[in-house]
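J.: Structure: input19.cif, mmCIF, C-alpha atoms and all ligand atoms.
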data_structure
#
loop_
_atom_site.label_atom_id
_atom_site.label_comp_id
_atom_site.auth_asym_id
_atom_site.auth_seq_id
_atom_site.Cartn_x
_atom_site.Cartn_y
_atom_site.Cartn_z
CA MET N 1 -10.09 -11.44 12.43
CA GLY N 2 -7.73 -11.60 9.49
CA LYS N 3 -4.08 -10.80 9.54
CA LYS N 4 -3.38 -7.06 9.45
CA LEU N 5 -1.04 -5.61 6.85
CA ILE N 6 0.99 -2.61 7.99
CA VAL N 7 2.98 -0.88 5.26
CA GLY N 8 5.47 1.94 5.88
CA ASN N 9 6.07 4.14 2.84
CA TRP N 10 9.38 5.95 3.34
CA LYS N 11 8.93 8.02 0.19
CA MET N 12 12.11 10.00 -0.67
CA HIS N 13 13.50 9.84 2.87
CA LEU N 14 16.34 7.96 4.60
CA THR N 15 19.75 7.64 2.96
CA MET N 16 21.34 4.23 2.51
CA GLN N 17 22.99 4.44 5.92
CA GLU N 18 19.89 5.74 7.69
CA ALA N 19 17.72 3.09 6.06
CA SER N 20 20.08 0.33 7.13
CA LEU N 21 20.18 1.62 10.72
CA TYR N 22 16.39 1.91 10.77
CA LEU N 23 15.96 -1.66 9.54
CA HIS N 24 18.47 -2.91 12.11
CA LYS N 25 16.52 -1.15 14.87
CA LEU N 26 13.19 -2.42 13.58
CA MET N 27 14.35 -6.03 13.40
CA LYS N 28 15.73 -5.82 16.92
CA MET N 29 12.62 -4.35 18.47
CA ILE N 30 9.79 -5.88 16.48
CA SER N 31 7.89 -8.74 18.05
CA SER N 32 6.87 -11.41 15.64
CA HIS N 33 3.07 -11.50 15.63
CA ARG N 34 1.44 -14.08 13.45
CA ASP N 35 -1.54 -11.79 12.99
CA VAL N 36 0.42 -8.83 11.59
CA GLU N 37 2.39 -8.63 8.35
CA THR N 38 4.90 -5.77 8.29
CA VAL N 39 6.19 -4.22 5.09
CA VAL N 40 8.47 -1.24 4.44
CA ALA N 41 8.89 0.59 1.15
CA PRO N 42 12.34 2.26 1.02
CA THR N 43 13.78 4.26 -1.90
CA ILE N 44 14.76 2.22 -4.91
CA LEU N 45 18.49 2.80 -4.35
CA THR N 46 18.45 1.14 -0.94
CA LEU N 47 16.38 -1.90 -1.90
CA GLN N 48 19.24 -4.10 -3.02
CA SER N 49 21.26 -3.79 0.19
CA LEU N 50 18.20 -3.90 2.46
CA SER N 51 17.03 -7.06 0.74
CA LEU N 52 20.26 -8.73 1.91
CA GLN N 53 19.91 -7.35 5.43
CA VAL N 54 16.23 -7.99 6.06
CA ASN N 55 14.85 -11.01 7.87
CA ARG N 56 11.88 -11.73 5.64
CA ARG N 57 10.11 -13.70 8.29
CA LEU N 58 9.77 -10.45 10.26
CA ILE N 59 9.59 -7.74 7.61
CA LYS N 60 8.91 -7.70 3.91
CA LEU N 61 10.00 -5.11 1.38
CA ALA N 62 8.00 -3.13 -1.14
CA ALA N 63 9.06 -0.86 -3.99
CA GLN N 64 7.36 2.52 -4.17
CA ASN N 65 6.98 2.39 -7.93
CA CYS N 66 8.12 0.45 -11.01
CA TYR N 67 8.13 0.83 -14.76
CA TRP N 68 5.89 -1.43 -16.75
CA ARG N 69 8.15 -2.51 -19.59
CA ASP N 70 10.53 -5.32 -18.70
CA TYR N 71 13.58 -3.83 -20.49
CA GLY N 72 14.50 -1.28 -23.16
CA ASN N 73 15.62 2.28 -23.76
CA TYR N 74 13.76 4.04 -20.92
CA THR N 75 16.34 6.25 -19.24
CA GLY N 76 15.99 6.49 -15.49
CA GLU N 77 13.26 3.91 -15.05
CA VAL N 78 13.39 0.70 -12.99
CA PRO N 79 11.27 -2.17 -14.29
CA ALA N 80 9.20 -4.53 -12.20
CA ALA N 81 11.32 -7.27 -13.78
CA HIS N 82 14.39 -6.00 -11.88
CA LEU N 83 12.52 -5.89 -8.59
CA ARG N 84 11.62 -9.53 -8.77
CA GLY N 85 13.28 -11.39 -5.92
CA LEU N 86 14.18 -8.15 -4.09
CA VAL N 87 10.69 -7.19 -2.94
CA ASP N 88 7.36 -8.88 -2.32
CA TYR N 89 5.16 -5.87 -3.00
CA VAL N 90 5.12 -2.81 -5.23
CA ILE N 91 3.04 0.29 -4.60
CA VAL N 92 1.25 1.33 -7.79
CA GLY N 93 -0.69 4.53 -8.48
CA HIS N 94 0.21 6.36 -5.27
CA SER N 95 -1.36 9.81 -5.43
CA GLU N 96 2.09 11.43 -5.52
CA ARG N 97 2.74 9.42 -8.70
CA ARG N 98 -0.64 10.36 -10.12
CA TYR N 99 -0.58 14.06 -9.31
CA VAL N 100 3.09 15.07 -8.98
CA PHE N 101 4.38 12.90 -11.82
CA GLN N 102 1.19 12.94 -13.90
CA GLU N 103 0.83 9.18 -14.16
CA ARG N 104 -2.29 8.35 -16.11
CA ASP N 105 -4.76 5.53 -15.63
CA ARG N 106 -3.14 3.67 -18.51
CA ASP N 107 0.33 3.81 -16.86
CA ILE N 108 -1.14 2.50 -13.63
CA ARG N 109 -2.98 -0.32 -15.36
CA LEU N 110 0.21 -1.37 -17.16
CA LYS N 111 2.21 -1.21 -13.94
CA VAL N 112 -0.30 -3.46 -12.16
CA GLN N 113 0.08 -5.97 -14.97
CA ALA N 114 3.89 -5.70 -14.97
CA ALA N 115 3.96 -6.35 -11.22
CA LEU N 116 1.74 -9.43 -11.58
CA ARG N 117 3.74 -10.72 -14.54
CA ASN N 118 6.90 -10.46 -12.42
CA HIS N 119 5.44 -12.22 -9.38
CA LEU N 120 5.12 -9.11 -7.24
CA GLN N 121 2.01 -8.14 -5.31
CA PRO N 122 0.70 -4.73 -6.37
CA ILE N 123 -0.64 -2.39 -3.72
CA LEU N 124 -3.00 -0.37 -5.89
CA CYS N 125 -3.70 3.07 -4.41
CA ILE N 126 -6.98 4.78 -5.17
CA GLY N 127 -8.70 7.79 -3.64
CA GLU N 128 -10.68 10.91 -4.35
CA THR N 129 -9.31 14.44 -4.62
CA LEU N 130 -10.62 17.23 -2.41
CA GLN N 131 -12.68 18.54 -5.31
CA GLU N 132 -14.27 15.13 -5.91
CA LYS N 133 -15.02 14.82 -2.22
CA THR N 134 -16.60 18.27 -2.11
CA LEU N 135 -18.75 17.48 -5.13
CA GLY N 136 -19.89 14.19 -3.57
CA GLU N 137 -18.09 12.17 -6.25
CA THR N 138 -16.02 9.87 -4.04
CA ALA N 139 -17.80 6.68 -5.08
CA ASP N 140 -17.48 7.57 -8.78
CA ALA N 141 -13.78 8.36 -8.42
CA LEU N 142 -13.13 5.03 -6.66
CA HIS N 143 -15.19 3.20 -9.24
CA ASP N 144 -13.27 4.72 -12.17
CA GLN N 145 -9.85 4.10 -10.66
CA LEU N 146 -10.66 0.49 -9.81
CA LEU N 147 -12.14 -0.20 -13.21
CA SER N 148 -9.18 1.21 -15.08
CA GLY N 149 -6.47 -0.08 -12.72
CA LEU N 150 -7.83 -3.62 -12.75
CA ALA N 151 -8.79 -3.91 -16.40
CA ASN N 152 -7.22 -7.05 -17.91
CA VAL N 153 -6.51 -8.57 -14.45
CA THR N 154 -7.81 -12.15 -14.28
CA ALA N 155 -9.65 -13.55 -11.26
CA ASP N 156 -6.62 -15.69 -10.40
CA GLU N 157 -4.30 -12.71 -10.57
CA PHE N 158 -6.67 -10.61 -8.50
CA ASP N 159 -5.89 -12.82 -5.48
CA ARG N 160 -2.49 -11.13 -5.26
CA ILE N 161 -3.74 -7.55 -5.31
CA VAL N 162 -3.99 -5.27 -2.29
CA ILE N 163 -6.07 -2.09 -2.51
CA ALA N 164 -5.10 1.01 -0.54
CA TYR N 165 -7.81 3.59 -0.05
CA GLU N 166 -5.93 6.86 0.18
CA PRO N 167 -7.96 10.07 -0.12
CA VAL N 168 -5.61 12.44 -1.94
CA TRP N 169 -6.43 15.35 0.36
CA ALA N 170 -5.47 13.30 3.44
CA ILE N 171 -1.96 12.35 2.36
CA GLY N 172 0.81 14.16 4.18
CA THR N 173 -1.60 16.89 5.29
CA GLY N 174 -2.23 15.91 8.90
CA GLU N 175 -5.92 15.71 8.06
CA SER N 176 -7.08 12.11 8.05
CA ALA N 177 -10.44 10.95 6.74
CA ASN N 178 -13.31 10.46 9.12
CA PRO N 179 -13.46 6.73 10.10
CA ALA N 180 -17.16 6.59 9.13
CA ASP N 181 -16.27 7.87 5.65
CA VAL N 182 -13.45 5.33 5.39
CA ARG N 183 -15.88 2.57 6.30
CA ARG N 184 -18.25 3.75 3.58
CA ALA N 185 -15.46 3.96 1.01
CA ILE N 186 -14.30 0.43 1.85
CA LYS N 187 -17.85 -0.84 1.39
CA THR N 188 -18.02 0.90 -1.99
CA ILE N 189 -14.71 -0.69 -3.01
CA ARG N 190 -15.87 -4.18 -1.98
CA ARG N 191 -19.13 -3.72 -3.87
CA GLN N 192 -17.22 -2.74 -6.97
CA ILE N 193 -14.83 -5.70 -6.61
CA GLN N 194 -17.84 -7.98 -6.27
CA GLN N 195 -19.12 -6.77 -9.62
CA LEU N 196 -15.75 -7.29 -11.24
CA PHE N 197 -14.51 -10.51 -9.61
CA GLY N 198 -17.37 -12.00 -7.62
CA LYS N 199 -18.43 -12.29 -4.00
CA LYS N 200 -15.50 -14.36 -2.72
CA ALA N 201 -12.92 -11.94 -4.14
CA SER N 202 -14.79 -8.99 -2.64
CA THR N 203 -14.67 -10.39 0.88
CA GLU N 204 -11.13 -11.72 0.63
CA VAL N 205 -9.34 -8.76 -0.98
CA ARG N 206 -7.18 -6.86 1.47
CA ILE N 207 -8.04 -3.17 1.74
CA LEU N 208 -5.83 -0.68 3.57
CA TYR N 209 -6.42 2.91 4.60
CA GLY N 210 -3.71 5.55 4.21
CA GLY N 211 -3.58 9.27 4.90
CA SER N 212 -2.06 11.07 7.90
CA ILE N 213 -2.15 8.07 10.21
CA THR N 214 -0.39 8.68 13.54
CA VAL N 215 0.19 6.41 16.52
CA GLU N 216 -2.68 8.13 18.31
CA LYS N 217 -5.13 7.65 15.46
CA ALA N 218 -4.10 4.16 14.34
CA SER N 219 -6.47 2.17 16.59
CA ASP N 220 -9.54 4.07 15.41
CA TYR N 221 -8.77 3.07 11.83
CA LEU N 222 -7.77 -0.49 12.63
CA ARG N 223 -11.19 -1.00 14.23
CA ILE N 224 -13.11 -0.01 11.09
CA ASP N 225 -15.27 -2.78 9.78
CA GLY N 226 -13.72 -4.35 6.67
CA ILE N 227 -10.25 -2.79 7.02
CA ASP N 228 -7.21 -5.05 6.65
CA GLY N 229 -4.42 -2.66 7.53
CA LEU N 230 -2.76 0.70 7.05
CA LEU N 231 -0.42 2.43 4.62
CA ILE N 232 1.65 4.88 6.62
CA GLY N 233 3.89 7.67 5.35
CA GLY N 234 5.21 10.23 7.84
CA ALA N 235 4.69 8.16 11.00
CA SER N 236 6.62 5.23 9.53
CA LEU N 237 9.84 7.26 9.37
CA ASP N 238 10.32 6.87 13.10
CA ALA N 239 10.95 3.22 13.95
CA TYR N 240 9.46 3.63 17.46
CA GLN N 241 6.21 5.10 16.13
CA PHE N 242 6.03 2.45 13.43
CA ILE N 243 6.45 -0.31 16.02
CA ASP N 244 3.73 1.27 18.18
CA ILE N 245 1.38 1.09 15.20
CA ILE N 246 2.29 -2.57 14.57
CA GLU N 247 1.52 -3.33 18.23
CA LYS N 248 -1.82 -1.55 17.88
CA ALA N 249 -2.62 -3.74 14.87
CA HIS N 250 -1.84 -6.81 16.96
CA ASN N 251 -3.97 -5.54 19.86
CA SER N 252 -6.88 -4.64 17.59
CA ASN N 253 -6.92 -8.20 16.31
CA ARG N 254 -6.97 -9.57 19.85
CA GLU N 255 -9.80 -7.22 20.86
CA GLY N 256 -11.78 -8.26 17.80
CA LYS N 257 -11.64 -11.98 18.62
P1 LIG M 301 1.05 10.05 5.22
O1 LIG M 301 1.31 9.29 3.83
O2 LIG M 301 0.83 8.97 6.25
O3 LIG M 301 2.32 10.82 5.47
O4 LIG M 301 -0.14 10.89 5.03
C1 LIG M 301 0.52 8.21 3.45
C2 LIG M 301 0.94 7.72 2.10
O5 LIG M 301 1.52 8.48 1.34
O6 LIG M 301 0.71 6.55 1.74
#
Output the structure of this file as structure tokens.

T.:
Amino acid sequence: MGKKLIVGNWKMHLTMQEASLYLHKLMKMISSHRDVETVVAPTILTLQSLSLQVNRRLIKLAAQNCYWRDYGNYTGEVPAAHLRGLVDYVIVGHSERRYVFQERDRDIRLKVQAALRNHLQPILCIGETLQEKTLGETADALHDQLLSGLANVTADEFDRIVIAYEPVWAIGTGESANPADVRRAIKTIRRQIQQLFGKKASTEVRILYGGSITVEKASDYLRIDGIDGLLIGGASLDAYQFIDIIEKAHNSNREGK
């Protein structure tokens, strides 16, 4: 069983002080498991100070977003170039970026490239809307988002990409996708990656599931064939719950051996 990747997306929660206290608590309580990689994605404002506080052997940092140009007159934006050295990962194309902030496929593609150019690992989020699910268009939606998000990515660069399957209707709603459907979606994603980057890339790429994961549900998802980890929103805001999920990832790896 491969190493599990557990990512906590704090979204627009936790002030500087709260984030620092959380990280302190997490570093004190977390057990270092060689089979689990733990990442948290705090708000952009807190990244600088948390990057000085964090023990990177235990926890890595991710940005929740970035801008794709490296510099220039783009008021309010933070480029991937400025995140270099502060974080290991950057979340790109999260559904809240796509649907609340109207990010288009082109923006997402450029952000993936900016992250790669700046030595960050993109966590590319893809997933169908409720309407696409209802119309039976999940596979098409995943196909289109992968194709456009990964256009211009070379096979070498692809090694650094993580894919997060996040059905839009499952995010922050309390309604998580059925594990059998997640398994099917992951298979679809790997098939598509195989067509784009070959067999080896399709088996090696790390694919996460995200959408209303709780401590109680985590094990069911970690057991899904082909899953490499979880992207967690709400449940990651409580350090104790987040640690419970990390422990479940460790246990699921031991059970799978
Ligand atoms: P949720 O968020 O766990 O609160 O549904 C997941 C995400 O936004 O990645």

J.: For Ile108 (chain N), find every residue with an atom within 9 Å (counting all atoms listed in the file), except residues of its own chain fewer than 5 positions away, and show them as a list in words.

T.: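 Surrounding residues, per the criterion: Trp68, Val92, Gly93, Arg98, Glu103, Gln113, Leu124, Ser148 and Gly149 of chain N.
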
J.: Taking (-7.2, 4.8, -3.6) in the file's own coordinates, collect the residues within 9 Å, counting only C-alpha atoms, and hand them back as a list in words.

T.: Gly93, His94, Ser95, Leu124, Cys125, Ile126, Gly127, Glu128, Ala141, Leu142, Gln145, Leu146, Ile163, Ala164, Tyr165, Glu166, Pro167, Val168, Tyr209 and Gly210 of chain N

J.: By how many Å are CA of Ala170 (chain N) and CA of Glu132 (chain N) apart?

T.: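 According to the coordinates, CA of Ala170 (chain N) and CA of Glu132 (chain N) are separated by 13.0 Å.
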
J.: Please identify every residue of region 46-122 of chain N that has at least one atom no farther than 10 Å from an atom of region 152-159 of chain N, counting all atoms listed in the file, and for each give the shortest atom pair and the distance in Å to one decimal, arranged by chain then increasing number, as a Markdown table.

T.:
| residue | atom | partner | partner_atom | distance |
| --- | --- | --- | --- | --- |
| N:Arg109 | CA | N:Asn152 | CA | 8.4 |
| N:Leu110 | CA | N:Asn152 | CA | 9.4 |
| N:Val112 | CA | N:Val153 | CA | 8.4 |
| N:Gln113 | CA | N:Val153 | CA | 7.1 |
| N:Leu116 | CA | N:Glu157 | CA | 6.9 |
| N:Arg117 | CA | N:Glu157 | CA | 9.2 |
| N:His119 | CA | N:Glu157 | CA | 9.8 |
| N:Gln121 | CA | N:Asp159 | CA | 9.2 |
| N:Pro122 | CA | N:Phe158 | CA | 9.7 |

J.: Which distance in Å separates CA of Lys187 (chain N) and CA of Ala139 (chain N), to one decimal?

T.: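 Computing it gives 9.9 Å between the two atoms.
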
J.: Taking all atoms listed in the file and a cut-off of 10 Å, can you tell me which residues surround ligand LIG 301 (chain M), written as an MDAnalysis selection string?

T.: chainID N and resid 7:11 64 91 94:96 125 164:176 208:214 230:237

J.: Can you report as AutoDock Vina command-line options the centre and edge lengths in Å, to one decimal, of an axis-aligned box around the listed atoms of region 72-84 of chain N padded with 3 Å on each side?

T.:
--center_x 12.8 --center_y -1.5 --center_z -16.2 --size_x 13.1 --size_y 22.0 --size_z 21.2

J.: Report, in Å to a single decimal, how far apart CA of Phe101 (chain N) and CA of Ala151 (chain N) are.

T.: 21.8 Å

J.: Please determine, counting only C-alpha atoms, which residue among N:Met12, N:Ala177, N:Leu83, N:Ile59 has the shortest atom-to-atom distance to Ile30 (chain N).

T.: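 Going through N:Met12, N:Ala177, N:Leu83, N:Ile59 one by one, the smallest distance to Ile30 (chain N) is for N:Ile59.
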
J.: Can you pull out every residue within 9 Å of region 215-219 of chain N, counting all atoms listed in the file, but drop anything in the same chain fewer than 2 positions away, and send it as a list in words?

T.: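 Once the nearby chain positions are removed, what remains is Ser176, Ser212, Ile213, Tyr221, Leu222, Arg223, Ile224, Leu230, Ala235, Gln241, Phe242, Asp244, Ile245, Lys248, Ala249, Asn251 and Ser252 of chain N.
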
J.: With a cut-off of 12 Å, could you pull out the residues of region 56-142 of chain N touching region 18-25 of chain N and give me the nearest pair of atoms for each, distance in Å to one decimal, using all atoms listed in the file, ordered by chain and ascending number, as CSV?

T.:
residue,atom,partner,partner_atom,distance
N:Arg56,CA,N:Leu23,CA,11.5
N:Leu58,CA,N:Leu23,CA,10.8
N:Ile59,CA,N:Leu23,CA,9.0
N:Lys60,CA,N:Leu23,CA,10.9
N:Leu61,CA,N:Leu23,CA,10.7

J.: Using only C-alpha atoms, pick whichever of N:Arg254, N:His82, N:Arg106, N:Arg97 has the shortest atom-to-atom distance to Asp144 (chain N).

T.: N:Arg106

J.: For Ile243 (chain N), which residue among N:Met27, N:Tyr89, N:Lys3, N:Gln17 is the nearest when counting all atoms listed in the file?

T.: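 Of N:Met27, N:Tyr89, N:Lys3, N:Gln17, the one nearest Ile243 (chain N) is N:Met27, counting all atoms listed in the file.
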
J.: Here is a test: counting all atoms listed in the file, which residue of N:Leu135, N:Leu26, N:Ile123, N:Ala201 is nearest to Ala62 (chain N)?

T.: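 Of N:Leu135, N:Leu26, N:Ile123, N:Ala201, the one nearest Ala62 (chain N), counting all atoms listed in the file, is N:Ile123.
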
J.: Could you list, as a PDB file with C-alpha atoms, in the coordinates of the input, every residue within 10 Å of Arg57 (chain N), counting all atoms listed in the file and ignoring same-chain residues fewer than 5 positions away?

T.:
ATOM      1  CA  SER N  32       6.870 -11.410  15.640  1.00  0.00           C
ATOM      2  CA  GLU N  37       2.390  -8.630   8.350  1.00  0.00           C
ATOM      3  CA  THR N  38       4.900  -5.770   8.290  1.00  0.00           C
TER       4      THR N  38
END

J.: Reconstruct all heavy atoms of region 92-103 of chain N from the incomplete input and present them as a compact mmCIF listing (two decimals), keeping the file's coordinate frame.

T.:
# COMPACT_ATOMS: atom_id res chain seq x y z
N VAL N 92 1.57 0.86 -6.44
CA VAL N 92 1.25 1.33 -7.79
C VAL N 92 0.15 2.39 -7.69
O VAL N 92 -0.84 2.22 -6.97
CB VAL N 92 0.75 0.16 -8.69
CG1 VAL N 92 0.37 0.68 -10.07
CG2 VAL N 92 1.82 -0.92 -8.81
N GLY N 93 0.35 3.49 -8.40
CA GLY N 93 -0.69 4.53 -8.48
C GLY N 93 -0.82 5.37 -7.22
O GLY N 93 -1.89 5.94 -6.95
N HIS N 94 0.25 5.47 -6.44
CA HIS N 94 0.21 6.36 -5.27
C HIS N 94 -0.15 7.76 -5.76
O HIS N 94 0.25 8.16 -6.86
CB HIS N 94 1.58 6.37 -4.58
CG HIS N 94 1.57 7.10 -3.28
ND1 HIS N 94 1.63 8.48 -3.21
CD2 HIS N 94 1.46 6.67 -2.01
CE1 HIS N 94 1.58 8.84 -1.94
NE2 HIS N 94 1.46 7.77 -1.19
N SER N 95 -0.88 8.51 -4.95
CA SER N 95 -1.36 9.81 -5.43
C SER N 95 -0.20 10.74 -5.79
O SER N 95 -0.35 11.60 -6.67
CB SER N 95 -2.29 10.46 -4.42
OG SER N 95 -1.55 10.92 -3.34
N GLU N 96 0.96 10.58 -5.13
CA GLU N 96 2.09 11.43 -5.52
C GLU N 96 2.57 11.07 -6.92
O GLU N 96 3.07 11.93 -7.65
CB GLU N 96 3.21 11.32 -4.47
CG GLU N 96 2.84 12.12 -3.22
CD GLU N 96 3.43 11.60 -1.92
OE1 GLU N 96 4.39 10.81 -1.96
OE2 GLU N 96 2.91 11.98 -0.85
N ARG N 97 2.41 9.81 -7.31
CA ARG N 97 2.74 9.42 -8.70
C ARG N 97 1.69 9.97 -9.65
O ARG N 97 2.01 10.46 -10.72
CB ARG N 97 2.81 7.90 -8.85
CG ARG N 97 3.80 7.16 -7.99
CD ARG N 97 5.23 7.45 -8.26
NE ARG N 97 5.58 7.66 -9.64
CZ ARG N 97 6.77 8.15 -10.03
NH1 ARG N 97 7.69 8.48 -9.14
NH2 ARG N 97 7.02 8.31 -11.30
N ARG N 98 0.43 9.90 -9.22
CA ARG N 98 -0.64 10.36 -10.12
C ARG N 98 -0.58 11.87 -10.32
O ARG N 98 -0.70 12.37 -11.43
CB ARG N 98 -2.03 10.00 -9.55
CG ARG N 98 -2.36 8.51 -9.56
CD ARG N 98 -3.77 8.30 -8.97
NE ARG N 98 -4.05 6.92 -8.63
CZ ARG N 98 -4.75 6.08 -9.41
NH1 ARG N 98 -5.23 6.48 -10.56
NH2 ARG N 98 -4.97 4.85 -9.00
N TYR N 99 -0.41 12.62 -9.20
CA TYR N 99 -0.58 14.06 -9.31
C TYR N 99 0.72 14.86 -9.39
O TYR N 99 0.73 15.94 -9.95
CB TYR N 99 -1.48 14.57 -8.18
CG TYR N 99 -2.84 13.92 -8.27
CD1 TYR N 99 -3.21 12.89 -7.40
CD2 TYR N 99 -3.72 14.27 -9.29
CE1 TYR N 99 -4.43 12.24 -7.53
CE2 TYR N 99 -4.94 13.63 -9.42
CZ TYR N 99 -5.30 12.62 -8.55
OH TYR N 99 -6.50 11.98 -8.70
N VAL N 100 1.82 14.35 -8.84
CA VAL N 100 3.09 15.07 -8.98
C VAL N 100 3.77 14.67 -10.29
O VAL N 100 4.32 15.50 -10.99
CB VAL N 100 4.04 14.79 -7.78
CG1 VAL N 100 5.34 15.58 -7.93
CG2 VAL N 100 3.36 15.11 -6.45
N PHE N 101 3.68 13.38 -10.62
CA PHE N 101 4.38 12.90 -11.82
C PHE N 101 3.42 12.62 -12.99
O PHE N 101 3.83 12.02 -13.98
CB PHE N 101 5.21 11.66 -11.48
CG PHE N 101 6.30 11.98 -10.49
CD1 PHE N 101 6.15 11.72 -9.14
CD2 PHE N 101 7.47 12.59 -10.91
CE1 PHE N 101 7.13 12.04 -8.22
CE2 PHE N 101 8.46 12.93 -10.01
CZ PHE N 101 8.29 12.65 -8.65
N GLN N 102 2.19 13.03 -12.82
CA GLN N 102 1.19 12.94 -13.90
C GLN N 102 1.01 11.55 -14.49
O GLN N 102 0.86 11.38 -15.69
CB GLN N 102 1.56 13.91 -15.05
CG GLN N 102 0.89 15.27 -14.93
CD GLN N 102 1.56 16.14 -13.90
OE1 GLN N 102 2.77 16.25 -13.88
NE2 GLN N 102 0.80 16.73 -13.02
N GLU N 103 1.10 10.53 -13.65
CA GLU N 103 0.83 9.18 -14.16
C GLU N 103 -0.65 9.08 -14.52
O GLU N 103 -1.50 9.52 -13.76
CB GLU N 103 1.17 8.13 -13.10
CG GLU N 103 2.62 7.77 -13.13
CD GLU N 103 2.96 6.61 -12.22
OE1 GLU N 103 2.07 5.86 -11.78
OE2 GLU N 103 4.16 6.48 -11.92
